[in-house]
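What follows is a short report on a single structure.
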Amino acid sequence: SRAAGRRVAVTLHPRRPAALEAAAEFVEGLSRHGITCLIAEDAIDLLSGRVPAARWLPVDEAPGCELAVVFGGDGNILRAAEWALPREIPVLGVNLGHVGFLAELESSQVGSLIERVVAADYHVEERMTIDTVVRDGTEIRIPTVELSVGDVFVVRPGEKIAPDGVVTEGASAVDASMLTGESVPVEVRPGDRVTGATVNDGGRLLVRAHRTGAA
């Protein structure tokens with residue numbers, strides 16, 4: 001079979017019913033064609049009852065993974081990209097009816113997406129993400145994929161936090177609504193942990209990377 005041995009990573013927003021429905025349809029469709037899905041442990045718990053015949057592997061079993069498909073909002077897509085970029089795995093976002101700027105498909109297109117993935121009928125568009133880091137007291141801009149654990153990076157008002165980290169300088173409010181669904185920003189100060197893909201709503205922050213996609 002043309003699909004034998006192929007692997008596709010699938011991730012979803014765990015608290016959006018529409019994400020669960022669309023992801024279940026997608027995983028079931030790929031499984032029928034012999035494509036193995038790589039899924040995070042918490043998502044397996046959500047999906048296993050809906051797609052009992054699916055062939056599961058942990059998402060960290062990445063060798064040979066050709067594509068990561070995200071059912072959720074921009075925050076989910078950014079976190080998936082953080083994992084996928086160091087592994088050179090392309091990411092495709094599926095919009096679920098909320099305002100989103102990173103998604104490429106609507107949830108109503110899941111059927112055609114299954115057909116195109118099975119047929120390997122898609123192309124990859126190269127995009128680069130950039131972050132500002134502080135090294136020897138100087139701010140320099142580097143691709144996000146080159147961030148290392150221990151690097152101190154700058155998060156300006158309105159910017160998304162790249163990897164997880166700890167605030168070393170500045171005070172602000174961080175909007176985690178894309179990840180948690182909670183609309184109230186959380187105040188952060190030096191020593192506080194911040195999560196990748198959340199948004200800096202207030203002042204300028206310096207954050208020391210605690211975990212990166214390659215870590």
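Following the order of the structure tokens, chains are lettered A, B, ..., residues in each are numbered from 1, and ligands are numbered from 1.
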Problem - Long-range neighbours of Ala173 in chain A as a count of residues only, 7 Å cut-off, only C-alpha atoms, 2 positions minimum in chain - result: 8
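The residue that comes closest to Gly29 in chain A, out of A:Gly165, A:Pro157, A:Gly111, A:Pro14 and on the basis of only C-alpha atoms, is A:Gly111.
Closest to Ala23 in chain A among A:Gln109, A:Thr138, A:Asn76, A:Thr11 is A:Thr11, based on only C-alpha atoms.
Among the candidates A:Leu206, A:Ala40, A:Leu47, A:Gly191, the residue lying nearest to Glu25 in chain A is A:Leu47 (atoms considered: only C-alpha atoms).
Considering the residues A:Val10, A:Ala176, A:Ala24, A:Val155 and counting only C-alpha atoms, Ala197 in chain A has its shortest atom-to-atom contact with A:Ala176.
From CA of Arg116 in chain A back to CA of Val70 in chain A, the distance works out to 15.7 Å.
Distance check against Val94 in chain A using only C-alpha atoms: of A:Gly72, A:Gly158, A:Pro190, A:Pro143, the minimum falls on A:Gly72.
A straight line drawn from CA of Gly170 in chain A to CA of Gly73 in chain A is 27.8 Å long.
Minimum distance to Leu85 in chain A across A:Phe26, A:Asp136, A:His210, A:Leu147 (counting only C-alpha atoms) occurs at A:Leu147.
With CA of Ala209 in chain A on one side and CA of Asp192 in chain A on the other, the separation reads 12.2 Å.
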Practice task
Identify, on the basis of only C-alpha atoms, every residue whose closest approach to Val8 in chain A does not exceed 6 Å; exclude the query and any residue fewer than 3 positions from it along the same chain; express the result as a ChimeraX atom specification.
Solution key: /A:37-38,65-68
Take the residues just selected and output them with C-alpha atoms as a tab-separated table (two decimals), in the first residue's frame.
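Result file follows (again15.tsv):
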chain	number	residue	atom	x	y	z
A	37	CYS	CA	-1.14	8.77	13.67
A	38	LEU	CA	1.24	10.23	16.24
A	65	CYS	CA	6.63	11.86	10.38
A	66	GLU	CA	5.71	13.77	7.23
A	67	LEU	CA	3.15	16.29	8.51
A	68	ALA	CA	1.64	17.71	11.72
